[in-house]
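Undergrad: My questions will all concern the structure given below.
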Amino acid sequence: MNNQKHERIARAFAHGKAFIPFITGGDPSLEVTKELLIAMEAAGADLVEIGLPFSDPIAEGEVIQEATYRALTAGCTTDKLFDMVKEARKTVQIPLVFLTYLNSVFSYGKEAFMKRCVECGVDGLIVPDLPYEEKGEIRDVCREYGIAIISLIAPTSKERIMAIAQEAEGFIYVVSSLGVTGVRQEITTNVAEMTKMVRQATDVPCAIGFGISRPEQAAQMARASDGAIVGSAIVRMVGEHGAACIPLVTEYVKKMKAAVMTAVE
Amino acid sequence: MENGKYGVFGGQYVPETLMTAVHEVEAAYEKYKADPQFQAELDDLMKNYAGRPSLLYYAEKMTKDLGGAKIYLKREDLNHTGSHKINNVLGQALLAKKMGKTRLIAETGAGQHGVATATAAALMGMECEVFMGKEDTDRQALNVYRMELLGAKVHPVTSGTQTLKDAVNETMREWSRRVDDTLYVLGSVMGPHPFPMMVRDFQKIIGKEIKEQLKQREGRLPDAVLACVGGGSNAMGAFYEFIPDKSVALIGCEAAGLGVDTEKHAATIAKGTEGIFHGMKSLFCQNKDGQIAPVYSLSAGLDYPGIGPEHANLAKTGRASYVPVTDEEAVSAFEYLSRVEGIIPALESAHAVAHARKIAPTMQKDQIVVVNLSGRGDKDVAAIARYRGVELYE
């Protein structure tokens, strides 16, 4: 595997179970996003996913769709988001990955995009509309610049899991439920079965996301994997409280990190 | 063997959650397209339910009035449900049935594809849910009621620009929630492979019939085939048979809205750039950051910021050409065809009629232009009245 190339991401999983928050870049402003990155690191986040806002996020539920809309309306652009990450990197040490739709990378220019990732300290990319079969679109350029492509595995992946896991780098994003992102009362998928299959193919860590909002859910998901990813629950706080969300998100991240740390397999 | 690529365009850019579903459709389609039993059932539906073959009508008055090339109209508007959309929908619904699916979901712009899908679902005893931009449910209220009458549930989509692209987003999201019993009946030659190929295959009967019918009437090929282009299914259906016949000009007519020099248009080939969206690499109206542009056309069926990948390739290779047609030109053609031939075309199809009015007079009298009249215009009458300042509501 390519673990050695993605050391910073590997470190996120080196101290017990990881807690991975997601926020939409530029929502409600780039300044708040930067403050959130700093605050979440201090609160115990092991890695942060930053959503690069795209006009038509087909894998997202309403909460993140609305955040995307707020960010774009507030004037967030690809360049401005890169600039903000570069600023944040003056203090932030944890790995940062972009969640970006392929068109944002493609239209920026693949090579130019990766150069900026290196320059600003973006360690990897989660690209929801880039399935395994189309990875060739950016594989070489990502390798060249040492940017990890974080693969996703869904409850419907079944026999695809092996192939995807074998090529995985950084970490694997295990999608807990069908459908789009969003808070769910219950996660009914047998996620332990999915991560078991992943582990047969690779030692790249896997974290579970989609639908997680409560500490006990996060702990439950962390028991079956190497970490828990939470997006909509945090993005909703940002949406409701705007710039005043920072102390609330900080408390929430502390609580969630504590919960995943209690998880033992 | 095609692998879902048309030159550099096409592909399968969908979330992992949908990949298994997309592969399942691909495998089923490969199996059934070679199955004589499937083809016989589909032929029967086309003939005895949809009313195929559709007429190829010689528009004599229009020809005389324009004073140039002979104009034929391919009357897809006479199909059951009033447009070419039924061709594709019957194919996909039959495929869904063979696959054991019990529920069809679809996006719709003007409502024609939604109505066709609701119709096929009613016929085959399947559940049907249609996603339609909120703005479109307002401007095509009659079609919403029509779909409900046919037993479908219509979901107004309030995200984004509330038009066709947002309806596609929402239908994809819904498919990713529930894939087991559901087929997403995509309405155009777009989306991830196999949809652009499959929809084109179900629509290529249009061009095949044009070729046969014109051979009987005139003993030769047409000089030009014209069709309107949103996602591009009626155009792809009309063009496909003629691609090897290099003497036949293939002309797609895009919605230029208020004009391609304004921001209010949906002219993807004229103004779009390469991108990856809705499962495919193709041309899209977008800004420099790759944000999909809020496009505009008076016609809800052409109000789409992308185009099918095979069209993008036909444009790039020069085999087909694409021209912008404004709202005003389309409305004027809508009124013209109604008056001159007694045929009220869909506003979408009127874009192709408008271009025929431009080029026919410049052509020789022994030349032949075929216009694909993809749908009928009943659904547009109230909107055209309002465009002309008459306060008419359905």
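If you're wondering about the labels, chains in the structure tokens are A, B, ... by order shown, residues count from 1 in each chain, ligands from 1 in order shown.
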Please identify every residue of chain B that has at least one atom no farther than 10 Å from an atom of chain A, counting only C-alpha atoms, and for each give the shortest atom pair and the distance in Å to one decimal, arranged by chain then increasing number, as a tab-separated table.
TA:
residue	atom	partner	partner_atom	distance
B:Gly11	CA	A:Glu134	CA	7.6
B:Gln12	CA	A:Glu134	CA	7.0
B:Tyr13	CA	A:Asp129	CA	5.2
B:Val14	CA	A:Asp129	CA	4.5
B:Pro15	CA	A:Asp129	CA	4.6
B:Glu16	CA	A:Pro131	CA	5.5
B:Thr17	CA	A:Ala154	CA	5.2
B:Leu18	CA	A:Thr156	CA	7.8
B:Met19	CA	A:Pro131	CA	7.4
B:Thr20	CA	A:Thr156	CA	6.3
B:Ala21	CA	A:Thr156	CA	8.3
B:Ser159	CA	A:Gln65	CA	8.1
B:Gly160	CA	A:Asp56	CA	7.5
B:Thr161	CA	A:Ser55	CA	9.8
B:Lys165	CA	A:Asp56	CA	8.6
B:Asp166	CA	A:Asp56	CA	7.6
B:Val168	CA	A:Ile58	CA	9.0
B:Asn169	CA	A:Ile58	CA	5.4
B:Glu170	CA	A:Ile58	CA	7.4
B:Thr171	CA	A:Ile58	CA	9.3
B:Met172	CA	A:Ile58	CA	7.0
B:Arg173	CA	A:Ile58	CA	6.2
B:Glu174	CA	A:Gly179	CA	6.9
B:Trp175	CA	A:Gly179	CA	7.6
B:Ser176	CA	A:Gly179	CA	4.5
B:Arg177	CA	A:Gly179	CA	3.6
B:Arg178	CA	A:Gly179	CA	7.2
B:Val179	CA	A:Leu178	CA	8.6
B:Asp180	CA	A:Thr156	CA	9.5
B:Thr273	CA	A:Ser107	CA	8.9
B:Glu274	CA	A:Ser107	CA	7.9
B:Gly275	CA	A:Asn103	CA	5.8
B:Ile276	CA	A:Asn103	CA	5.0
B:Phe277	CA	A:Asn103	CA	6.5
B:His278	CA	A:Ile58	CA	8.2
B:Gly279	CA	A:Asp129	CA	7.4
B:Met280	CA	A:Asp129	CA	9.9
B:Lys281	CA	A:Asn103	CA	9.1
B:Gln286	CA	A:Ser107	CA	9.1
B:Asn287	CA	A:Ser107	CA	8.8
B:Lys288	CA	A:Ser107	CA	6.6
B:Asp289	CA	A:Ser107	CA	6.1
B:Gly290	CA	A:Ser104	CA	5.2
B:Gln291	CA	A:Ser55	CA	5.3
B:Ile292	CA	A:Ser55	CA	6.0
B:Ala293	CA	A:Ser55	CA	8.4
B:Pro294	CA	A:Ser55	CA	9.6
Undergrad: Near Ala14 (chain A), counting only C-alpha atoms, which residues have an atom at most 12 Å away, once you skip same-chain residues fewer than 2 positions from it, shown as a list in words?
TA: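 With the cut-off at 12 Å, the set is Glu7, Arg8, Ile9, Ala10, Arg11, Ala12, Gly16, Lys17, Ala18, Phe19, Asp46, Leu47, Ile94, Val204, Pro205, Asp226 and Gly227 of chain A.
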Undergrad: Just to be explicit: take each residue in the selection above, keep N, CA and C atoms, and write the result as a CSV table (one decimal), in the first residue's frame.
TA:
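Result written to result_28.csv:
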chain,number,residue,atom,x,y,z
A,7,GLU,N,1.8,9.9,5.3
A,7,GLU,CA,2.1,9.8,6.8
A,7,GLU,C,1.2,10.6,7.7
A,8,ARG,N,0.9,11.8,7.2
A,8,ARG,CA,0.1,12.6,8.1
A,8,ARG,C,-1.3,12.0,8.3
A,9,ILE,N,-1.9,11.4,7.3
A,9,ILE,CA,-3.2,10.8,7.4
A,9,ILE,C,-3.0,9.6,8.4
A,10,ALA,N,-2.0,8.8,8.2
A,10,ALA,CA,-1.8,7.6,9.0
A,10,ALA,C,-1.7,8.0,10.5
A,11,ARG,N,-1.1,9.1,10.8
A,11,ARG,CA,-1.0,9.5,12.2
A,11,ARG,C,-2.3,9.8,12.9
A,12,ALA,N,-3.3,10.1,12.1
A,12,ALA,CA,-4.7,10.3,12.6
A,12,ALA,C,-5.2,9.1,13.3
A,16,GLY,N,-5.4,5.3,18.9
A,16,GLY,CA,-6.7,4.9,19.2
A,16,GLY,C,-7.7,5.3,18.1
A,17,LYS,N,-8.9,5.1,18.4
A,17,LYS,CA,-10.0,5.4,17.4
A,17,LYS,C,-10.0,6.9,17.1
A,18,ALA,N,-10.3,7.1,15.8
A,18,ALA,CA,-10.2,8.5,15.3
A,18,ALA,C,-11.6,9.1,15.3
A,19,PHE,N,-11.7,10.4,15.6
A,19,PHE,CA,-12.9,11.2,15.3
A,19,PHE,C,-12.7,12.2,14.2
A,46,ASP,N,-9.2,14.2,14.9
A,46,ASP,CA,-7.9,13.6,14.4
A,46,ASP,C,-7.6,13.9,13.0
A,47,LEU,N,-8.7,14.3,12.3
A,47,LEU,CA,-8.6,14.6,10.9
A,47,LEU,C,-9.8,15.4,10.5
A,94,ILE,N,-3.1,18.5,12.3
A,94,ILE,CA,-3.8,17.3,11.9
A,94,ILE,C,-4.0,17.2,10.4
A,204,VAL,N,-5.0,-0.5,5.4
A,204,VAL,CA,-5.4,0.9,5.4
A,204,VAL,C,-6.6,1.1,6.4
A,205,PRO,N,-6.5,2.0,7.3
A,205,PRO,CA,-7.6,2.2,8.3
A,205,PRO,C,-9.0,2.5,7.6
A,226,ASP,N,-12.1,1.9,12.5
A,226,ASP,CA,-11.0,2.7,13.1
A,226,ASP,C,-11.4,4.1,13.5
A,227,GLY,N,-12.6,4.5,13.2
A,227,GLY,CA,-13.0,5.8,13.5
A,227,GLY,C,-14.4,6.2,13.0
Undergrad: Could you pull out all residues of region 13-238 of chain B with a DSSP call of helix (DSSP H, G or I) and give them as a ChimeraX atom specification?
TA: /B:16-33,36-50,60-66,76-78,80-82,85-98,112-124,134-139,141-149,164-177,195-203,205-218,233-238
Undergrad: Give me the residues near Lys196 (chain A) as a ChimeraX atom specification, where near means some atom within 12 Å (using only C-alpha atoms) and where sequence neighbours in that chain fewer than 6 positions away do not count.
TA: /A:158,161-162,165,174,190,202-203,205-206,223-226,265
Undergrad: I'd like the contact shell of Val89 (chain B) - 7 Å cut-off, only C-alpha atoms, skipping same-chain residues fewer than 6 positions apart - returned as an NGL selection string.
TA: :B and (116-117 or 120 or 185)
Undergrad: Please, could you write that set of residues out with all heavy atoms as a compact mmCIF listing (two decimals), in the first residue's frame?
TA:
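The result, stored in part.txt:
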# COMPACT_ATOMS: atom_id res chain seq x y z
N ALA B 116 -44.75 10.19 -19.68
CA ALA B 116 -44.48 8.92 -20.37
C ALA B 116 -44.14 7.83 -19.35
O ALA B 116 -44.62 6.70 -19.45
CB ALA B 116 -43.35 9.10 -21.38
N THR B 117 -43.33 8.19 -18.34
CA THR B 117 -42.94 7.19 -17.34
C THR B 117 -44.15 6.77 -16.50
O THR B 117 -44.34 5.57 -16.24
CB THR B 117 -41.83 7.74 -16.42
OG1 THR B 117 -40.76 8.23 -17.23
CG2 THR B 117 -41.28 6.66 -15.50
N ALA B 120 -46.20 4.36 -18.62
CA ALA B 120 -45.64 3.01 -18.69
C ALA B 120 -45.82 2.28 -17.36
O ALA B 120 -46.10 1.08 -17.34
CB ALA B 120 -44.16 3.08 -19.07
N VAL B 185 -35.48 5.63 -14.43
CA VAL B 185 -35.72 5.72 -15.87
C VAL B 185 -35.25 7.09 -16.34
O VAL B 185 -35.99 8.06 -16.29
CB VAL B 185 -37.22 5.52 -16.18
CG1 VAL B 185 -37.48 5.61 -17.67
CG2 VAL B 185 -37.70 4.17 -15.64
Undergrad: Which residues come within 10 Å of region 43-54 of chain B, counting only C-alpha atoms, excluding same-chain residues fewer than 6 positions away, as a list in words?
TA: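 What passes the distance filter is Gln37, Lys74, Arg75, Glu76, Asp77, Leu78, Asn79, His80, Thr81, Gly82, Ser83, His84, Ile86, Asn87, Leu90, Gly91, Leu94, Ala120, Leu123, Ile205, Ile206, Glu209, Ile210 and Gln213 of chain B.
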